[in-house]
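J.: For reference, this is upload.cif, and it has mmCIF, C-alpha atoms.
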```cif
data_data
#
loop_
_atom_site.label_atom_id
_atom_site.label_comp_id
_atom_site.auth_asym_id
_atom_site.auth_seq_id
_atom_site.Cartn_x
_atom_site.Cartn_y
_atom_site.Cartn_z
CA MET A 1 192.87 86.19 77.13
CA ASN A 2 194.97 84.47 74.45
CA HIS A 3 196.14 81.63 76.64
CA LEU A 4 192.53 80.92 77.58
CA TYR A 5 191.40 81.04 73.98
CA SER A 6 193.87 78.37 72.97
CA SER A 7 193.09 76.14 75.93
CA SER A 8 191.37 72.83 75.35
CA HIS A 9 188.40 74.02 77.44
CA THR A 10 187.17 76.35 74.71
CA ILE A 11 183.81 75.12 73.44
CA PRO A 12 181.13 76.66 71.21
CA LEU A 13 178.15 77.64 73.37
CA SER A 14 175.82 75.66 71.09
CA ASP A 15 177.52 72.37 72.07
CA LEU A 16 176.68 72.52 75.77
CA PRO A 17 173.79 70.93 77.71
CA VAL A 18 171.03 72.65 79.70
CA GLY A 19 171.95 73.64 83.26
CA MET A 20 175.58 74.40 82.57
CA GLN A 21 177.21 77.69 83.61
CA VAL A 22 179.88 79.09 81.35
CA GLN A 23 182.00 82.16 80.79
CA VAL A 24 182.55 83.87 77.41
CA LEU A 25 186.11 83.70 76.08
CA HIS A 26 185.80 84.91 72.52
CA LEU A 27 183.27 85.90 69.85
CA LYS A 28 183.90 84.49 66.38
CA ALA A 29 181.04 86.47 64.86
CA THR A 30 181.82 89.54 62.74
CA GLY A 31 179.94 92.57 61.47
CA LEU A 32 176.32 93.13 62.48
CA SER A 33 176.01 89.76 64.14
CA ARG A 34 178.99 90.61 66.37
CA ARG A 35 177.51 94.03 67.14
CA ARG A 36 174.23 92.36 68.13
CA LEU A 37 175.96 89.92 70.48
CA LEU A 38 177.98 92.74 72.05
CA ASP A 39 174.77 94.73 72.57
CA LEU A 40 173.37 91.78 74.50
CA GLY A 41 176.30 92.20 76.86
CA LEU A 42 178.35 89.28 75.57
CA VAL A 43 181.93 90.38 76.14
CA PRO A 44 184.82 88.18 77.30
CA GLY A 45 184.20 87.24 80.94
CA THR A 46 180.37 87.44 80.76
CA GLN A 47 178.70 84.52 82.54
CA ILE A 48 175.96 82.58 80.78
CA LYS A 49 173.63 79.92 82.12
CA ILE A 50 172.02 77.52 79.66
CA LEU A 51 168.34 77.61 80.63
CA ARG A 52 166.43 75.34 78.25
CA LYS A 53 166.19 74.11 74.71
CA SER A 54 163.08 74.42 72.54
CA PRO A 55 161.40 71.14 71.54
CA LEU A 56 163.38 70.83 68.33
CA GLY A 57 166.63 71.79 70.04
CA ASP A 58 166.92 75.17 68.37
CA PRO A 59 166.78 77.97 69.52
CA THR A 60 168.07 77.69 73.08
CA ALA A 61 167.33 80.07 75.96
CA TYR A 62 170.28 81.50 77.87
CA GLU A 63 170.47 83.65 80.97
CA ILE A 64 172.69 86.62 80.18
CA ARG A 65 173.14 89.44 82.70
CA GLY A 66 169.79 88.87 84.36
CA ALA A 67 167.77 88.52 81.16
CA SER A 68 166.79 85.38 79.31
CA VAL A 69 167.77 85.53 75.67
CA ALA A 70 167.03 82.99 72.93
CA LEU A 71 169.83 82.38 70.47
CA ARG A 72 169.86 80.28 67.32
CA LYS A 73 172.37 77.50 67.00
CA GLU A 74 174.31 79.35 64.30
CA GLU A 75 174.68 82.39 66.58
CA ALA A 76 175.55 80.36 69.68
CA SER A 77 178.16 78.39 67.74
CA ASN A 78 180.08 81.65 67.25
CA ILE A 79 180.37 82.22 70.98
CA LEU A 80 183.34 80.37 72.43
CA VAL A 81 183.02 79.65 76.12
CA GLN A 82 184.63 77.85 79.02
CA PRO A 83 182.63 75.96 81.65
CA ILE A 84 182.74 77.52 85.13
CA LEU A 85 183.92 74.89 87.58
CA ASN A 86 182.61 74.51 91.15
CA SER A 87 179.62 76.75 90.50
CA MET B 1 175.29 134.99 64.02
CA GLY B 2 172.33 134.18 66.24
CA LEU B 3 171.01 130.65 66.46
CA THR B 4 168.40 130.32 63.79
CA ASN B 5 165.63 127.82 63.70
CA GLN B 6 167.57 126.00 61.01
CA SER B 7 170.87 125.84 62.89
CA CYS B 8 169.19 124.55 66.03
CA GLY B 9 167.87 121.58 64.20
CA ARG B 10 164.35 122.69 65.02
CA ALA B 11 163.46 122.94 61.35
CA LEU B 12 164.66 119.39 60.91
CA ILE B 13 162.21 118.13 63.47
CA SER B 14 159.23 119.53 61.61
CA GLN B 15 160.54 118.65 58.15
CA LYS B 16 161.92 115.20 58.64
CA PHE B 17 159.95 113.84 61.53
CA ASN B 18 156.71 115.55 60.64
CA ILE B 19 156.14 117.01 64.10
CA SER B 20 154.52 120.39 64.34
CA PHE B 21 155.20 122.45 67.42
CA ASN B 22 155.48 125.92 68.81
CA LYS B 23 158.91 127.50 69.08
CA GLU B 24 158.46 127.74 72.83
CA ASP B 25 157.64 124.07 73.26
CA PHE B 26 160.17 121.55 74.50
CA ILE B 27 160.75 118.41 72.43
CA ILE B 28 161.50 115.38 74.60
CA ALA B 29 162.60 112.01 73.21
CA LEU B 30 161.73 108.83 75.09
CA ALA B 31 164.23 106.04 74.43
CA GLY B 32 164.75 102.64 76.01
CA ASN B 33 165.10 98.89 75.55
CA PRO B 34 162.04 96.96 74.42
CA ASN B 35 159.65 95.96 77.20
CA VAL B 36 160.76 98.36 79.93
CA GLY B 37 157.40 100.14 80.15
CA LYS B 38 158.35 103.00 77.86
CA SER B 39 154.84 103.34 76.51
CA THR B 40 153.46 103.19 80.06
CA VAL B 41 155.73 106.08 81.02
CA PHE B 42 154.62 107.86 77.83
CA ASN B 43 150.95 107.36 78.70
CA GLY B 44 151.54 108.30 82.34
CA LEU B 45 153.16 111.59 81.36
CA THR B 46 150.79 112.55 78.57
CA GLY B 47 147.59 111.13 80.00
CA LEU B 48 147.09 109.36 76.69
CA ASN B 49 146.08 105.77 76.57
CA GLN B 50 147.45 104.55 73.28
CA HIS B 51 149.55 101.67 72.11
CA THR B 52 149.11 99.49 75.15
CA GLY B 53 149.71 96.18 73.42
CA ASN B 54 152.72 94.07 74.24
CA TRP B 55 154.46 92.62 71.25
CA PRO B 56 157.86 93.20 69.76
CA GLY B 57 158.08 96.21 67.49
CA LYS B 58 154.82 97.69 68.74
CA THR B 59 156.10 101.23 68.47
CA VAL B 60 157.23 101.04 64.87
CA ALA B 61 157.12 104.68 64.01
CA THR B 62 157.37 107.38 66.62
CA ALA B 63 154.27 108.04 68.72
CA ARG B 64 153.73 111.57 69.98
CA GLY B 65 151.90 113.20 72.84
CA SER B 66 152.17 116.31 74.95
CA TYR B 67 151.82 117.53 78.49
CA THR B 68 152.14 120.84 80.29
CA HIS B 69 154.35 121.25 83.33
CA LYS B 70 155.24 124.53 85.07
CA ASP B 71 153.47 126.44 82.28
CA LYS B 72 155.63 124.88 79.59
CA LYS B 73 154.38 122.58 76.88
CA PHE B 74 156.39 119.39 76.38
CA ILE B 75 156.06 117.36 73.16
CA LEU B 76 156.95 113.79 74.01
CA VAL B 77 158.20 111.51 71.23
CA ASP B 78 158.01 107.78 72.02
CA LEU B 79 160.84 106.11 70.10
CA PRO B 80 160.85 102.41 69.17
CA GLY B 81 162.39 100.15 71.81
CA THR B 82 165.99 99.23 70.97
CA TYR B 83 168.94 97.60 72.70
CA SER B 84 171.41 99.73 70.83
CA LEU B 85 171.70 102.78 68.58
CA PHE B 86 174.09 101.20 66.14
CA ALA B 87 171.47 100.76 63.45
CA ASN B 88 171.15 97.00 63.16
CA SER B 89 167.50 97.48 62.29
CA ALA B 90 164.99 100.04 61.03
CA GLU B 91 163.79 100.73 64.59
CA GLU B 92 167.29 101.45 65.81
CA GLN B 93 167.88 103.76 62.90
CA ILE B 94 164.69 105.73 63.65
CA ALA B 95 165.68 106.06 67.31
CA ARG B 96 169.25 107.04 66.48
CA ASP B 97 168.28 109.53 63.79
CA PHE B 98 165.80 111.26 66.06
CA ILE B 99 168.25 111.66 68.94
CA CYS B 100 171.06 112.65 66.52
CA PHE B 101 169.34 114.94 64.10
CA GLY B 102 166.04 115.85 65.75
CA ASN B 103 168.04 117.69 68.43
CA PRO B 104 165.46 117.20 71.20
CA ASP B 105 165.65 119.49 74.26
CA ALA B 106 166.10 116.41 76.42
CA THR B 107 166.15 112.65 76.05
CA ILE B 108 164.63 110.41 78.71
CA ILE B 109 166.10 106.91 78.78
CA VAL B 110 163.64 104.49 80.33
CA ALA B 111 165.44 101.54 81.96
CA ASP B 112 164.22 98.35 83.59
CA ALA B 113 165.25 98.49 87.26
CA THR B 114 165.04 94.69 87.55
CA CYS B 115 167.68 94.27 84.87
CA LEU B 116 169.73 97.42 85.13
CA GLU B 117 173.08 96.28 83.76
CA ARG B 118 171.56 95.18 80.49
CA ASN B 119 169.78 98.52 80.11
CA LEU B 120 172.85 100.65 80.73
CA ASN B 121 174.30 99.76 77.31
CA LEU B 122 171.72 101.93 75.56
CA ALA B 123 172.01 104.57 78.29
CA LEU B 124 175.76 104.88 77.69
CA GLN B 125 175.23 105.10 73.93
CA VAL B 126 172.71 107.93 74.32
CA MET B 127 175.06 109.66 76.79
CA GLU B 128 177.75 109.67 74.10
CA LEU B 129 175.39 111.40 71.70
CA THR B 130 173.95 114.12 73.88
CA ASP B 131 174.47 115.69 77.31
CA LYS B 132 170.78 116.42 77.81
CA VAL B 133 169.85 113.05 79.27
CA ILE B 134 167.67 111.83 82.14
CA LEU B 135 167.60 108.21 83.26
CA CYS B 136 164.14 107.01 84.27
CA LEU B 137 164.49 103.86 86.35
CA ASN B 138 161.14 102.24 85.72
CA LEU B 139 159.59 99.07 87.17
CA MET B 140 160.92 99.97 90.63
CA ASP B 141 157.92 98.11 92.13
CA GLU B 142 158.99 94.94 90.32
CA ALA B 143 162.56 95.42 91.49
CA ASP B 144 161.33 95.80 95.08
CA LYS B 145 159.39 92.56 94.75
CA LYS B 146 162.54 90.82 93.56
CA GLY B 147 164.49 92.20 96.50
CA ILE B 148 166.63 94.48 94.30
CA SER B 149 167.56 97.82 95.82
CA ILE B 150 169.33 100.49 93.82
CA ASP B 151 171.49 103.28 95.22
CA ILE B 152 170.02 106.14 93.16
CA LYS B 153 172.45 108.80 94.46
CA GLN B 154 175.47 106.64 93.66
CA LEU B 155 174.12 105.82 90.18
CA GLU B 156 173.63 109.54 89.50
CA LYS B 157 177.22 110.14 90.56
CA GLU B 158 178.61 107.31 88.40
CA LEU B 159 176.66 108.33 85.30
CA GLY B 160 176.71 112.10 85.77
CA ILE B 161 173.02 112.45 84.84
CA PRO B 162 169.77 112.76 86.85
CA VAL B 163 168.29 109.37 87.79
CA ILE B 164 164.57 109.21 88.63
CA PRO B 165 163.01 106.03 90.06
CA THR B 166 159.46 105.40 88.80
CA ALA B 167 156.73 102.79 88.78
CA ALA B 168 154.76 104.14 85.84
CA ARG B 169 152.02 101.52 86.10
CA LYS B 170 151.20 102.84 89.59
CA LYS B 171 151.86 106.44 88.54
CA LEU B 172 154.72 106.74 91.03
CA GLY B 173 157.64 109.07 90.38
CA LEU B 174 156.15 110.70 87.27
CA ARG B 175 155.99 114.15 88.90
CA ALA B 176 159.69 113.92 89.79
CA LEU B 177 160.43 112.83 86.22
CA MET B 178 158.59 115.89 84.88
CA ASP B 179 160.58 118.13 87.25
CA ALA B 180 163.91 116.62 86.18
CA THR B 181 162.97 116.87 82.50
CA TYR B 182 161.97 120.50 82.98
CA ASP B 183 165.31 121.27 84.64
CA VAL B 184 167.35 119.67 81.85
CA ALA B 185 165.26 121.01 78.94
CA SER B 186 165.31 124.56 80.29
CA LYS B 187 169.04 124.25 81.08
CA ILE B 188 168.55 124.88 84.80
CA LYS B 189 170.48 121.67 85.31
CA LYS B 190 173.31 120.64 82.99
CA PRO B 191 174.07 116.92 83.15
CA THR B 192 177.70 115.91 82.64
CA PRO B 193 177.47 112.34 81.33
CA ARG B 194 180.48 110.16 81.97
CA LYS B 195 182.27 109.55 78.66
CA ILE B 196 183.83 106.20 77.99
CA SER B 197 187.50 106.08 77.10
CA TYR B 198 188.34 103.43 74.50
CA GLY B 199 192.05 103.02 75.14
CA ASN B 200 195.08 104.64 73.55
CA ALA B 201 194.92 103.03 70.12
CA ILE B 202 191.34 104.13 69.43
CA GLU B 203 191.61 107.48 71.22
CA SER B 204 194.59 108.55 69.13
CA GLU B 205 192.73 107.69 65.91
CA ILE B 206 189.74 109.68 67.14
CA GLN B 207 191.98 112.70 67.72
CA LYS B 208 193.24 112.43 64.12
CA ILE B 209 189.75 112.48 62.62
CA ILE B 210 188.06 115.00 64.91
CA PRO B 211 189.54 118.23 63.48
CA TYR B 212 188.35 117.21 60.03
CA LEU B 213 184.89 116.30 61.29
CA GLU B 214 184.53 119.52 63.28
CA LYS B 215 184.77 121.47 60.03
CA LYS B 216 182.29 119.22 58.24
CA LEU B 217 179.73 118.85 61.00
CA ASN B 218 179.44 122.47 62.00
CA ASN B 219 178.55 121.67 65.65
CA LYS B 220 175.43 119.82 64.58
CA LEU B 221 176.67 116.45 65.77
CA ASP B 222 179.20 115.38 68.39
CA PRO B 223 182.42 114.91 66.35
CA ARG B 224 183.80 112.37 68.81
CA TRP B 225 180.73 110.22 68.42
CA VAL B 226 180.82 110.43 64.61
CA ALA B 227 184.55 109.59 64.67
CA LEU B 228 183.80 106.44 66.68
CA ARG B 229 181.11 105.35 64.22
CA LEU B 230 183.41 105.98 61.25
CA LEU B 231 186.16 103.90 62.85
CA GLU B 232 183.59 101.18 63.29
CA GLY B 233 182.73 101.37 59.58
CA ASP B 234 179.06 102.28 60.12
CA THR B 235 177.88 103.42 56.68
CA THR B 236 174.20 103.84 57.64
CA LEU B 237 175.22 106.87 59.69
CA LEU B 238 176.74 108.50 56.61
CA ASP B 239 173.48 108.03 54.72
CA SER B 240 171.62 109.70 57.58
CA ILE B 241 174.13 112.55 57.85
CA ASN B 242 173.78 113.20 54.14
CA ALA B 243 170.01 113.06 54.28
CA PHE B 244 169.59 115.20 57.39
CA LEU B 245 172.43 117.68 57.38
CA TYR B 246 173.40 118.18 53.77
CA GLU B 247 170.56 117.20 51.46
CA ASN B 248 173.33 116.03 49.13
CA ASN B 249 175.04 119.38 49.39
CA SER B 250 178.78 118.67 49.86
CA PRO B 251 178.05 115.43 51.65
CA LEU B 252 180.28 113.30 53.77
CA ALA B 253 181.17 110.52 51.38
CA TYR B 254 182.08 106.90 51.68
CA LYS B 255 185.66 107.82 50.97
CA GLU B 256 185.73 109.27 54.47
CA VAL B 257 184.90 105.88 55.86
CA ALA B 258 187.78 104.54 53.83
CA TYR B 259 189.89 107.36 55.22
CA ALA B 260 188.91 106.40 58.75
CA HIS B 261 189.82 102.80 58.07
CA GLU B 262 193.21 103.70 56.67
CA CYS B 263 194.19 105.76 59.70
#
```
What does this structure look like when you write it as structure tokens?

T.:
Amino acid sequence: MNHLYSSSHTIPLSDLPVGMQVQVLHLKATGLSRRRLLDLGLVPGTQIKILRKSPLGDPTAYEIRGASVALRKEEASNILVQPILNS
Amino acid sequence: MGLTNQSCGRALISQKFNISFNKEDFIIALAGNPNVGKSTVFNGLTGLNQHTGNWPGKTVATARGSYTHKDKKFILVDLPGTYSLFANSAEEQIARDFICFGNPDATIIVADATCLERNLNLALQVMELTDKVILCLNLMDEADKKGISIDIKQLEKELGIPVIPTAARKKLGLRALMDATYDVASKIKKPTPRKISYGNAIESEIQKIIPYLEKKLNNKLDPRWVALRLLEGDTTLLDSINAFLYENNSPLAYKEVAYAHEC
């Protein structure tokens, strides 16, 4: 995974627009927040679709493993992802 | 050296969780993610009609009910809905402590059949804690509507535990769930849950800590599971172990967490 992590395609999930499909590369979160993200099924390789943003832009709804999950910007910024091409 | 009430953890159930019961009764825990119809399964089994609201954290404390099946009385304990047992919140801690220290005769994990993968995280965590597990695959009617079909036999084989499809809202599958629960609680059937291997680095650390924990825990908790939590640095578990198993009598101390970290 290291070569992917250092690639220029690594973007915080919070920076991406609605409709995009991405794949998790790395979690920057630590401690309980990391545990929580892992419990949601966010491990490297997990696919996420950005569903919609709330009127003020935060939180954002994501499709993760068949469930829609709302994450705050501060949480999503700790999830480093890579866009899935040709999806 | 017979098993006393105390050593079985039965006394703990009445003391700590304030549940009164007959020695002959079976205690069954009902665990599951939020919003999978756990309370509907609870009501379906017990014939009660409580707690039917739908908002997060509805089941804050543990709700209780009972039913009789094959001349045995089952006390059903409805645990708060959680995604995990790693004590990120008060609800998770209640659920974890009951499954850990309440020593129920069986634990039913209620899972959402429309979203199975997400629900298996909790199932695997419960399977690490206890062998006496049944997976109730609820919302099968919803799954059907969505065109999802699940190979129940294969899932049973993969997990090593009984899997019962239900649609609790329509009262489908509840009889089979009672039968499976009876078989596990009365030890007619012994599930053999698949245990996750965490790779050489972690497994070798676990092996270092286990002999020490076996002495301390006295068979009351799965030493492998406690070892994993210690390696993770989970201090809330130590508080619970002290409160439930030792009453501050030669407790497991924080230095053991430090010990686990140093290994």

J.: Please identify every residue of chain B that has at least one atom no more than 9 Å from any atom of chain A, counting all atoms listed in the file, and report them as a PyMOL selection string.

T.: chain B and resi 83-84+86+88+114-118+121-122

J.: I'd like to see the residues matched by the PyMOL selection byres ((chain A and resi 84) around 6) on this file, and ideally I'd get them as a list of chain:residue names.

T.: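 Checked against the file, the PyMOL selection byres ((chain A and resi 84) around 6) matches A:Gln21, A:Val22, A:Pro83, A:Leu85.
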
J.: Applying the PyMOL selection byres ((chain A and resi 77) around 10) to the file I just gave you, which residues come out? Please list them as number ranges by chain.

T.: A: 11-15, 27-29, 71-76, 78-81

J.: For the provided coordinates, the residues matched by the PyMOL selection byres ((chain A and resi 46) around 8) should be stated as a list in words.

T.: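 This file gives the following for the PyMOL selection byres ((chain A and resi 46) around 8): Gln23, Val24, Gly41, Leu42, Val43, Pro44, Gly45, Gln47, Ile48, Ile64 and Arg65 of chain A.
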
J.: Atoms to include: C-alpha atoms. Write the selected residues as a short mmCIF file (atom, residue, chain, number, x, y, z; two decimals), in the frame of the given file.

T.:
```cif
data_model
loop_
_atom_site.label_atom_id
_atom_site.label_comp_id
_atom_site.auth_asym_id
_atom_site.auth_seq_id
_atom_site.Cartn_x
_atom_site.Cartn_y
_atom_site.Cartn_z
CA GLN A 23 182.00 82.16 80.79
CA VAL A 24 182.55 83.87 77.41
CA GLY A 41 176.30 92.20 76.86
CA LEU A 42 178.35 89.28 75.57
CA VAL A 43 181.93 90.38 76.14
CA PRO A 44 184.82 88.18 77.30
CA GLY A 45 184.20 87.24 80.94
CA GLN A 47 178.70 84.52 82.54
CA ILE A 48 175.96 82.58 80.78
CA ILE A 64 172.69 86.62 80.18
CA ARG A 65 173.14 89.44 82.70
#
```

J.: Extract, using all atoms listed in the file, all DNA, RNA and protein residues at most 9 Å from Glu142 in chain B, discarding same-chain residues fewer than 6 positions from it, and format them as a VMD selection string.

T.: chain B and resid 113 to 114 148 167

J.: Could you jot down the CA of Ala95 in chain B to CA of Leu237 in chain B separation for me, Å, one decimal place?

T.: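 Straight-line distance from CA of Ala95 in chain B to CA of Leu237 in chain B works out to 12.2 Å.
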
J.: Dig up all the protein and nucleic acid residues within 6 Å of (178.1, 112.9, 70.2) in the file frame, using all atoms listed in the file, and format them as a list in words.

T.: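 Returned residue set, sorted by chain then number, is Glu128, Leu129, Thr130, Leu221, Asp222, Arg224 and Trp225 of chain B.
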
J.: For the residues selected in the previous step, produce a file with C-alpha atoms as a compact mmCIF listing (two decimals), in the frame of the given file.

T.:
```
# COMPACT_ATOMS: atom_id res chain seq x y z
CA GLU B 128 177.75 109.67 74.10
CA LEU B 129 175.39 111.40 71.70
CA THR B 130 173.95 114.12 73.88
CA LEU B 221 176.67 116.45 65.77
CA ASP B 222 179.20 115.38 68.39
CA ARG B 224 183.80 112.37 68.81
CA TRP B 225 180.73 110.22 68.42
```

J.: One number please: CA of Asp151 in chain B to CA of Lys38 in chain B, in Å, one decimal.

T.: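 Computed distance, CA of Asp151 in chain B to CA of Lys38 in chain B, equals 21.8 Å.
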
J.: Between CA of Ile27 in chain B and CA of Arg169 in chain B, measure the distance and give it in Å to one decimal.

T.: 23.4 Å

J.: Box for range 50-57 of chain A: with edges along x, y and z, all listed atoms inside and 8 Å added on each side, what are the centre and edge lengths in Å to one decimal, as lines of an AutoDock Vina configuration file?

T.:
```
center_x = 166.7
center_y = 74.2
center_z = 74.5
size_x = 26.6
size_y = 22.8
size_z = 28.3
```

J.: Given the choices B:Ala106, B:Leu30, B:Met127, B:Leu45, which gets closest to Leu79 in chain B if the distance is worked out from only C-alpha atoms?

T.: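 When distances to Leu79 in chain B are compared using only C-alpha atoms, the smallest one comes from B:Leu30.
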